[in-house]
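With PDB, C-alpha atoms, pLDDT in the B column inside, this is work12.pdb:
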ATOM      1  CA  MET A   1       0.000   0.000   0.000  1.00 53.00           C
ATOM      2  CA  ASN A   2       2.943   2.340   0.709  1.00 55.00           C
ATOM      3  CA  ASN A   3       4.006   2.015  -2.929  1.00 55.00           C
ATOM      4  CA  LEU A   4       0.756   3.503  -4.214  1.00 58.00           C
ATOM      5  CA  PRO A   5       0.525   7.167  -5.235  1.00 73.00           C
ATOM      6  CA  VAL A   6      -0.766   9.530  -2.577  1.00 73.00           C
ATOM      7  CA  LEU A   7      -4.142  10.107  -4.270  1.00 77.00           C
ATOM      8  CA  LEU A   8      -4.712   6.380  -4.647  1.00 78.00           C
ATOM      9  CA  GLN A   9      -3.830   5.853  -0.977  1.00 69.00           C
ATOM     10  CA  VAL A  10      -6.314   8.528   0.065  1.00 76.00           C
ATOM     11  CA  ALA A  11      -9.013   7.038  -2.182  1.00 80.00           C
ATOM     12  CA  TRP A  12      -8.263   3.542  -0.849  1.00 72.00           C
ATOM     13  CA  ILE A  13      -8.491   4.676   2.780  1.00 79.00           C
ATOM     14  CA  ALA A  14     -11.715   6.594   2.049  1.00 82.00           C
ATOM     15  CA  LEU A  15     -13.179   3.458   0.471  1.00 84.00           C
ATOM     16  CA  ILE A  16     -12.244   1.375   3.525  1.00 81.00           C
ATOM     17  CA  VAL A  17     -13.729   3.991   5.871  1.00 83.00           C
ATOM     18  CA  ALA A  18     -16.971   3.989   3.863  1.00 86.00           C
ATOM     19  CA  ALA A  19     -17.048   0.193   3.992  1.00 84.00           C
ATOM     20  CA  GLY A  20     -16.457   0.339   7.763  1.00 84.00           C
ATOM     21  CA  ILE A  21     -19.346   2.764   8.249  1.00 89.00           C
ATOM     22  CA  ALA A  22     -21.584   0.510   6.168  1.00 87.00           C
ATOM     23  CA  LEU A  23     -20.559  -2.575   8.173  1.00 85.00           C
ATOM     24  CA  ALA A  24     -21.248  -0.696  11.409  1.00 87.00           C
ATOM     25  CA  LEU A  25     -24.666   0.699  10.455  1.00 91.00           C
ATOM     26  CA  ALA A  26     -26.076  -1.977   8.158  1.00 91.00           C
ATOM     27  CA  PRO A  27     -26.484  -4.699  10.849  1.00 91.00           C
ATOM     28  CA  ILE A  28     -28.323  -2.318  13.189  1.00 91.00           C
ATOM     29  CA  THR A  29     -30.651  -1.147  10.436  1.00 92.00           C
ATOM     30  CA  TRP A  30     -31.310  -4.635   9.102  1.00 93.00           C
ATOM     31  CA  ILE A  31     -31.988  -6.189  12.514  1.00 92.00           C
ATOM     32  CA  ALA A  32     -34.284  -3.319  13.490  1.00 91.00           C
ATOM     33  CA  ARG A  33     -36.312  -3.627  10.270  1.00 92.00           C
ATOM     34  CA  LYS A  34     -36.419  -7.414   9.908  1.00 92.00           C
ATOM     35  CA  ILE A  35     -36.550  -8.723  13.493  1.00 92.00           C
ATOM     36  CA  LEU A  36     -37.705  -6.019  15.908  1.00 90.00           C
ATOM     37  CA  ALA A  37     -39.945  -3.768  13.779  1.00 92.00           C
ATOM     38  CA  PRO A  38     -42.376  -6.509  12.578  1.00 92.00           C
ATOM     39  CA  ILE A  39     -43.236  -7.482  16.163  1.00 91.00           C
ATOM     40  CA  ASP A  40     -43.498  -3.848  17.189  1.00 91.00           C
ATOM     41  CA  ARG A  41     -45.884  -3.171  14.290  1.00 90.00           C
ATOM     42  CA  ALA A  42     -48.036  -6.173  15.191  1.00 89.00           C
ATOM     43  CA  ALA A  43     -48.120  -5.135  18.868  1.00 89.00           C
ATOM     44  CA  LYS A  44     -49.198  -1.571  18.070  1.00 88.00           C
ATOM     45  CA  PHE A  45     -51.880  -2.768  15.660  1.00 87.00           C
ATOM     46  CA  ARG A  46     -53.345  -5.728  17.595  1.00 84.00           C
ATOM     47  CA  LYS A  47     -52.983  -4.326  21.159  1.00 86.00           C
ATOM     48  CA  ALA A  48     -53.761  -7.620  22.912  1.00 87.00           C
ATOM     49  CA  PRO A  49     -53.567  -7.850  26.735  1.00 89.00           C
ATOM     50  CA  VAL A  50     -50.179  -8.538  28.323  1.00 89.00           C
ATOM     51  CA  ARG A  51     -49.647 -11.979  29.876  1.00 87.00           C
ATOM     52  CA  PHE A  52     -46.558 -13.775  31.143  1.00 89.00           C
ATOM     53  CA  SER A  53     -46.213 -17.537  31.616  1.00 86.00           C
ATOM     54  CA  ILE A  54     -43.903 -19.815  33.577  1.00 87.00           C
ATOM     55  CA  GLY A  55     -42.097 -20.614  30.335  1.00 87.00           C
ATOM     56  CA  ASP A  56     -41.291 -16.936  29.929  1.00 88.00           C
ATOM     57  CA  PHE A  57     -39.361 -16.990  33.198  1.00 89.00           C
ATOM     58  CA  LEU A  58     -37.337 -19.920  31.896  1.00 88.00           C
ATOM     59  CA  CYS A  59     -36.492 -17.732  28.912  1.00 89.00           C
ATOM     60  CA  LEU A  60     -35.225 -15.064  31.307  1.00 88.00           C
ATOM     61  CA  PHE A  61     -32.864 -17.649  32.782  1.00 87.00           C
ATOM     62  CA  LEU A  62     -31.596 -18.509  29.296  1.00 84.00           C
ATOM     63  CA  ALA A  63     -31.229 -14.825  28.364  1.00 84.00           C
ATOM     64  CA  ILE A  64     -28.862 -14.441  31.319  1.00 86.00           C
ATOM     65  CA  GLN A  65     -26.987 -17.739  31.249  1.00 84.00           C
ATOM     66  CA  ILE A  66     -26.294 -18.025  27.501  1.00 80.00           C
ATOM     67  CA  PRO A  67     -24.280 -14.776  27.191  1.00 80.00           C
ATOM     68  CA  LEU A  68     -22.505 -15.411  30.490  1.00 82.00           C
ATOM     69  CA  ALA A  69     -21.467 -18.891  29.379  1.00 80.00           C
ATOM     70  CA  ALA A  70     -20.286 -17.554  26.016  1.00 75.00           C
ATOM     71  CA  VAL A  71     -18.205 -14.780  27.594  1.00 76.00           C
ATOM     72  CA  HIS A  72     -16.754 -17.141  30.195  1.00 73.00           C
ATOM     73  CA  GLY A  73     -15.554 -19.403  27.397  1.00 70.00           C
ATOM     74  CA  PHE A  74     -13.638 -16.573  25.719  1.00 70.00           C
ATOM     75  CA  LEU A  75     -12.185 -14.893  28.810  1.00 68.00           C
ATOM     76  CA  GLY A  76      -9.291 -16.343  30.759  1.00 63.00           C
ATOM     77  CA  PRO A  77      -8.384 -16.201  34.469  1.00 65.00           C
ATOM     78  CA  GLU A  78      -6.543 -12.900  33.957  1.00 67.00           C
ATOM     79  CA  THR A  79      -9.746 -11.198  32.763  1.00 70.00           C
ATOM     80  CA  MET A  80     -12.135 -12.273  35.516  1.00 72.00           C
ATOM     81  CA  ASP A  81     -12.717  -8.646  36.528  1.00 75.00           C
ATOM     82  CA  ALA A  82     -14.192  -7.997  33.080  1.00 76.00           C
ATOM     83  CA  TYR A  83     -16.293 -11.152  33.415  1.00 77.00           C
ATOM     84  CA  TRP A  84     -17.814 -10.068  36.724  1.00 82.00           C
ATOM     85  CA  ALA A  85     -18.488  -6.592  35.346  1.00 82.00           C
ATOM     86  CA  PHE A  86     -20.271  -8.182  32.379  1.00 82.00           C
ATOM     87  CA  THR A  87     -22.207 -10.409  34.804  1.00 83.00           C
ATOM     88  CA  VAL A  88     -23.520  -7.405  36.735  1.00 87.00           C
ATOM     89  CA  ILE A  89     -24.481  -5.597  33.517  1.00 84.00           C
ATOM     90  CA  THR A  90     -26.246  -8.717  32.216  1.00 84.00           C
ATOM     91  CA  TRP A  91     -28.289  -9.140  35.401  1.00 87.00           C
ATOM     92  CA  LEU A  92     -29.342  -5.496  35.154  1.00 87.00           C
ATOM     93  CA  VAL A  93     -30.072  -5.338  31.417  1.00 86.00           C
ATOM     94  CA  ALA A  94     -31.440  -8.810  30.630  1.00 87.00           C
ATOM     95  CA  PRO A  95     -34.584  -8.554  32.840  1.00 90.00           C
ATOM     96  CA  ILE A  96     -35.476  -5.205  31.238  1.00 90.00           C
ATOM     97  CA  ILE A  97     -35.048  -6.581  27.712  1.00 89.00           C
ATOM     98  CA  TRP A  98     -36.970  -9.720  28.677  1.00 91.00           C
ATOM     99  CA  TYR A  99     -39.875  -7.782  30.163  1.00 92.00           C
ATOM    100  CA  PHE A 100     -40.372  -5.460  27.212  1.00 92.00           C
ATOM    101  CA  GLY A 101     -39.881  -8.361  24.792  1.00 91.00           C
ATOM    102  CA  GLY A 102     -42.548 -10.430  26.527  1.00 91.00           C
ATOM    103  CA  GLN A 103     -44.866  -7.450  26.704  1.00 92.00           C
ATOM    104  CA  THR A 104     -44.497  -6.802  22.979  1.00 92.00           C
ATOM    105  CA  LEU A 105     -45.094 -10.473  22.130  1.00 92.00           C
ATOM    106  CA  SER A 106     -48.284 -10.474  24.192  1.00 92.00           C
ATOM    107  CA  ARG A 107     -49.610  -7.332  22.527  1.00 92.00           C
ATOM    108  CA  ALA A 108     -48.828  -8.921  19.159  1.00 91.00           C
ATOM    109  CA  GLN A 109     -50.984 -11.935  20.206  1.00 91.00           C
ATOM    110  CA  VAL A 110     -48.013 -14.314  20.158  1.00 92.00           C
ATOM    111  CA  ASN A 111     -49.119 -16.644  22.932  1.00 89.00           C
ATOM    112  CA  ALA A 112     -47.802 -20.037  21.760  1.00 90.00           C
ATOM    113  CA  SER A 113     -45.290 -21.272  24.339  1.00 90.00           C
ATOM    114  CA  SER A 114     -42.861 -22.602  21.736  1.00 91.00           C
ATOM    115  CA  HIS A 115     -42.864 -19.334  19.783  1.00 93.00           C
ATOM    116  CA  ARG A 116     -42.326 -17.240  22.896  1.00 92.00           C
ATOM    117  CA  PHE A 117     -39.565 -19.584  24.046  1.00 92.00           C
ATOM    118  CA  VAL A 118     -37.648 -19.293  20.775  1.00 93.00           C
ATOM    119  CA  PHE A 119     -37.984 -15.509  20.641  1.00 93.00           C
ATOM    120  CA  LEU A 120     -37.388 -14.632  24.302  1.00 91.00           C
ATOM    121  CA  GLY A 121     -34.853 -17.370  25.050  1.00 88.00           C
ATOM    122  CA  LEU A 122     -32.855 -17.490  21.827  1.00 89.00           C
ATOM    123  CA  ILE A 123     -33.536 -14.650  19.377  1.00 92.00           C
ATOM    124  CA  MET A 124     -33.529 -11.772  21.845  1.00 90.00           C
ATOM    125  CA  PRO A 125     -30.201 -12.771  23.463  1.00 87.00           C
ATOM    126  CA  LEU A 126     -28.770 -13.215  19.970  1.00 89.00           C
ATOM    127  CA  VAL A 127     -29.936  -9.750  18.885  1.00 90.00           C
ATOM    128  CA  TYR A 128     -28.907  -7.791  21.964  1.00 86.00           C
ATOM    129  CA  TYR A 129     -25.687  -9.652  22.803  1.00 86.00           C
ATOM    130  CA  GLY A 130     -24.631 -10.721  19.320  1.00 88.00           C
ATOM    131  CA  LEU A 131     -24.909  -7.395  17.529  1.00 89.00           C
ATOM    132  CA  VAL A 132     -21.727  -5.890  19.005  1.00 87.00           C
ATOM    133  CA  PRO A 133     -19.498  -8.948  18.276  1.00 87.00           C
ATOM    134  CA  PHE A 134     -21.021  -9.210  14.804  1.00 91.00           C
ATOM    135  CA  THR A 135     -20.239  -5.568  14.060  1.00 90.00           C
ATOM    136  CA  ALA A 136     -16.741  -5.850  15.536  1.00 88.00           C
ATOM    137  CA  LEU A 137     -16.026  -8.944  13.449  1.00 87.00           C
ATOM    138  CA  GLY A 138     -17.213  -7.172  10.309  1.00 86.00           C
ATOM    139  CA  LEU A 139     -14.869  -4.266  10.992  1.00 86.00           C
ATOM    140  CA  ALA A 140     -12.004  -6.638  11.795  1.00 85.00           C
ATOM    141  CA  LEU A 141     -12.385  -8.226   8.367  1.00 84.00           C
ATOM    142  CA  LEU A 142     -11.306  -4.891   6.857  1.00 82.00           C
ATOM    143  CA  ALA A 143      -8.033  -4.841   8.812  1.00 78.00           C
ATOM    144  CA  PRO A 144      -5.992  -6.806   6.209  1.00 80.00           C
ATOM    145  CA  LEU A 145      -6.930  -4.177   3.635  1.00 76.00           C
ATOM    146  CA  LEU A 146      -4.974  -1.684   5.760  1.00 73.00           C
ATOM    147  CA  GLY A 147      -1.974  -3.986   5.991  1.00 73.00           C
ATOM    148  CA  TYR A 148      -2.736  -5.327   9.471  1.00 72.00           C
ATOM    149  CA  THR A 149      -3.900  -8.851  10.311  1.00 73.00           C
ATOM    150  CA  PRO A 150      -5.455  -9.289  13.781  1.00 70.00           C
ATOM    151  CA  THR A 151      -4.462 -12.176  16.020  1.00 71.00           C
ATOM    152  CA  ARG A 152      -6.523 -15.324  15.343  1.00 73.00           C
ATOM    153  CA  PHE A 153      -7.878 -13.791  12.155  1.00 75.00           C
ATOM    154  CA  GLY A 154      -8.529 -17.217  10.649  1.00 78.00           C
ATOM    155  CA  TRP A 155     -11.727 -17.917  12.614  1.00 84.00           C
ATOM    156  CA  MET A 156     -13.222 -14.436  12.237  1.00 85.00           C
ATOM    157  CA  PRO A 157     -14.797 -14.856   8.766  1.00 88.00           C
ATOM    158  CA  LEU A 158     -16.411 -18.124   9.874  1.00 90.00           C
ATOM    159  CA  ALA A 159     -17.758 -16.539  13.083  1.00 89.00           C
ATOM    160  CA  TRP A 160     -19.133 -13.602  11.067  1.00 90.00           C
ATOM    161  CA  ILE A 161     -20.871 -15.966   8.629  1.00 93.00           C
ATOM    162  CA  VAL A 162     -22.362 -18.018  11.487  1.00 93.00           C
ATOM    163  CA  LEU A 163     -23.780 -14.916  13.199  1.00 92.00           C
ATOM    164  CA  ALA A 164     -25.097 -13.551   9.896  1.00 93.00           C
ATOM    165  CA  SER A 165     -26.836 -16.882   9.247  1.00 95.00           C
ATOM    166  CA  LEU A 166     -28.383 -16.882  12.725  1.00 94.00           C
ATOM    167  CA  PHE A 167     -29.693 -13.341  12.244  1.00 95.00           C
ATOM    168  CA  PHE A 168     -31.193 -14.313   8.882  1.00 96.00           C
ATOM    169  CA  ILE A 169     -32.845 -17.420  10.374  1.00 96.00           C
ATOM    170  CA  SER A 170     -34.190 -15.299  13.249  1.00 95.00           C
ATOM    171  CA  ALA A 171     -35.753 -12.822  10.810  1.00 94.00           C
ATOM    172  CA  ARG A 172     -37.413 -15.629   8.873  1.00 95.00           C
ATOM    173  CA  PHE A 173     -38.718 -17.157  12.110  1.00 95.00           C
ATOM    174  CA  VAL A 174     -40.196 -13.834  13.264  1.00 94.00           C
ATOM    175  CA  HIS A 175     -41.936 -13.426   9.893  1.00 93.00           C
ATOM    176  CA  TRP A 176     -43.304 -16.982  10.097  1.00 93.00           C
ATOM    177  CA  MET A 177     -44.290 -16.652  13.772  1.00 92.00           C
ATOM    178  CA  LEU A 178     -46.376 -13.533  13.229  1.00 90.00           C
ATOM    179  CA  HIS A 179     -48.282 -15.175  10.375  1.00 88.00           C
ATOM    180  CA  GLN A 180     -49.159 -18.161  12.583  1.00 86.00           C
ATOM    181  CA  VAL A 181     -51.262 -15.957  14.870  1.00 80.00           C
ATOM    182  CA  ALA A 182     -54.965 -16.599  14.409  1.00 67.00           C
ATOM    183  CA  SER A 183     -56.063 -12.982  14.245  1.00 56.00           C
ATOM    184  CA  ASP A 184     -58.247 -10.887  12.011  1.00 53.00           C
ATOM    185  CA  GLU A 185     -55.664  -8.124  12.338  1.00 50.00           C
ATOM    186  CA  GLN A 186     -52.467  -8.768  10.382  1.00 49.00           C
ATOM    187  CA  PRO A 187     -49.198  -6.891  11.035  1.00 48.00           C
ATOM    188  CA  ILE A 188     -49.232  -3.540   9.312  1.00 49.00           C
ATOM    189  CA  SER A 189     -46.752  -2.744   6.563  1.00 49.00           C
ATOM    190  CA  ASP A 190     -43.679  -0.500   6.803  1.00 50.00           C
ATOM    191  CA  PRO A 191     -45.430   2.564   5.257  1.00 54.00           C
ATOM    192  CA  GLN A 192     -48.389   2.096   7.603  1.00 52.00           C
ATOM    193  CA  HIS A 193     -46.036   1.740  10.566  1.00 48.00           C
ATOM    194  CA  GLU A 194     -44.252   4.941   9.624  1.00 48.00           C
ATOM    195  CA  SER A 195     -47.626   6.674   9.312  1.00 51.00           C
ATOM    196  CA  GLU A 196     -48.503   5.485  12.821  1.00 48.00           C
ATOM    197  CA  LEU A 197     -45.264   7.011  14.096  1.00 42.00           C
ATOM    198  CA  PHE A 198     -45.590  10.341  12.307  1.00 43.00           C
ATOM    199  CA  ARG A 199     -49.348  10.876  12.660  1.00 46.00           C
ATOM    200  CA  PRO A 200     -49.195  11.989  16.367  1.00 41.00           C
ATOM    201  CA  ALA A 201     -46.476  14.505  15.521  1.00 38.00           C
ATOM    202  CA  MET A 202     -48.515  15.852  12.624  1.00 37.00           C
ATOM    203  CA  LEU A 203     -51.599  16.109  14.813  1.00 41.00           C
ATOM    204  CA  ASP A 204     -49.651  17.954  17.469  1.00 43.00           C
ATOM    205  CA  THR A 205     -48.315  20.350  14.872  1.00 42.00           C
ATOM    206  CA  SER A 206     -51.730  21.014  13.381  1.00 43.00           C
ATOM    207  CA  SER A 207     -53.338  21.495  16.780  1.00 43.00           C
ATOM    208  CA  ALA A 208     -50.623  23.945  17.741  1.00 41.00           C
ATOM    209  CA  ALA A 209     -51.176  26.032  14.621  1.00 45.00           C
ATOM    210  CA  PRO A 210     -52.886  29.380  15.266  1.00 48.00           C
ATOM    211  CA  VAL A 211     -56.549  29.644  14.354  1.00 44.00           C
ATOM    212  CA  HIS A 212     -57.587  32.848  12.548  1.00 47.00           C
ATOM    213  CA  LYS A 213     -61.174  33.872  13.004  1.00 45.00           C
ATOM    214  CA  SER A 214     -62.932  36.041  10.489  1.00 46.00           C
ATOM    215  CA  HIS A 215     -64.839  39.045  11.852  1.00 45.00           C
TER     216      HIS A 215
END

Let's see the structure in the file written out as structure tokens.
Amino acid sequence: MNNLPVLLQVAWIALIVAAGIALALAPITWIARKILAPIDRAAKFRKAPVRFSIGDFLCLFLAIQIPLAAVHGFLGPETMDAYWAFTVITWLVAPIIWYFGGQTLSRAQVNASSHRFVFLGLIMPLVYYGLVPFTALGLALLAPLLGYTPTRFGWMPLAWIVLASLFFISARFVHWMLHQVASDEQPISDPQHESELFRPAMLDTSSAAPVHKSH
């Protein structure tokens, strides 16, 4: 790379930076649109009552233990302080994610135990704990283009592909799960969902507009 002309080096670095930004933002956008947004749309449209089951509490246990087990497998004895810090954060964050996830599923009329188990116990931990490693791995794949190869680079492409496949399978499962609900109200589309989000703001704006009375 050092042998390239200065303009080509600048263009090459700019291209890598653009690719890095895309790899950082694309997973967040895709997961939000394909996994989280469909359930949110169904919940806002169907508005079913909120119920929690015993199986949901088992999912909470999985949502805590799966990431802790994964982190413990990667960290060594010299990094136990980081492990305990991650443990505290997980015990604080996981119940909040679990509660709002279960609430959204209930409002979307997803009451089948198996469906709730897969989403709350497997998909949600994957989304909230797998997004950061997935993004970091994607950025690490660009390192050789800058002339630097990270330690243990060999397994990174495989890990990235595995996580990408799991996210894709999760999105397909969410799509299938929502269409298994016996309801007269189907999940609204993306344009309808955006209208639901912007309509209150438009109403507030119109109501705040001054009213001119003719004399």

Which residue of A:Val127, A:Leu142, A:Val174, A:Ile161 approaches Ala19 (chain A) most closely, using only C-alpha atoms: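 Once distances to Ala19 (chain A) are computed over only C-alpha atoms, the minimum belongs to A:Leu142.
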
Exercise: Trp98 (chain A) partners within 9 Å, only C-alpha atoms, chain neighbours under 5 positions left out, as an MDAnalysis selection string: chainID A and resid 56:57 59:60 63 93 103 120:121 124

Output of the PyMOL selection byres ((chain A and resi 128) around 10), listed as a count of residues only: 14

Pick from A:Ala48, A:Ala24, A:Ala112, A:Ala69 nearest to Thr87 (chain A), counting only C-alpha atoms: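 Selected residue with least distance to Thr87 (chain A): A:Ala69.
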
Residues matched by the PyMOL selection byres ((chain A and resi 147) around 12), written as a list in words: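 What the PyMOL selection byres ((chain A and resi 147) around 12) grabs from the file is Met1, Asn2, Trp12, Ile13, Ile16, Ala140, Leu141, Leu142, Ala143, Pro144, Leu145, Leu146, Tyr148, Thr149 and Pro150 of chain A.
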
Taking the file as shown, find all residues satisfying the PyMOL selection byres ((chain A and resi 47) around 10) and write them as a list in words.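 Applying the PyMOL selection byres ((chain A and resi 47) around 10) to the structure shown produces Arg41, Ala42, Ala43, Lys44, Phe45, Arg46, Ala48, Pro49, Val50, Thr104, Ser106, Arg107, Ala108, Gln109 and Glu185 of chain A.
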
Rounded to one decimal in Å, what is the spacing between CA of Thr151 (chain A) and CA of Leu163 (chain A)?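 Going from CA of Thr151 (chain A) over to CA of Leu163 (chain A) covers 19.7 Å.
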
Choose the residue, out of A:Leu92, A:Phe134, A:Arg33, A:Tyr83, that has the smallest atom-to-atom separation from Ala70 (chain A); count all atoms listed in the file.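 When distances to Ala70 (chain A) are compared using all atoms listed in the file, the smallest one comes from A:Tyr83.
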
Separating CA of Ala32 (chain A) from CA of Gly101 (chain A), to the nearest tenth of an Å, is a gap of 13.6 Å

For His179 (chain A), which residue among A:Met80, A:Leu122, A:Ile96, A:Ile39 is the nearest when counting only C-alpha atoms?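 Nearest to His179 (chain A): A:Ile39.
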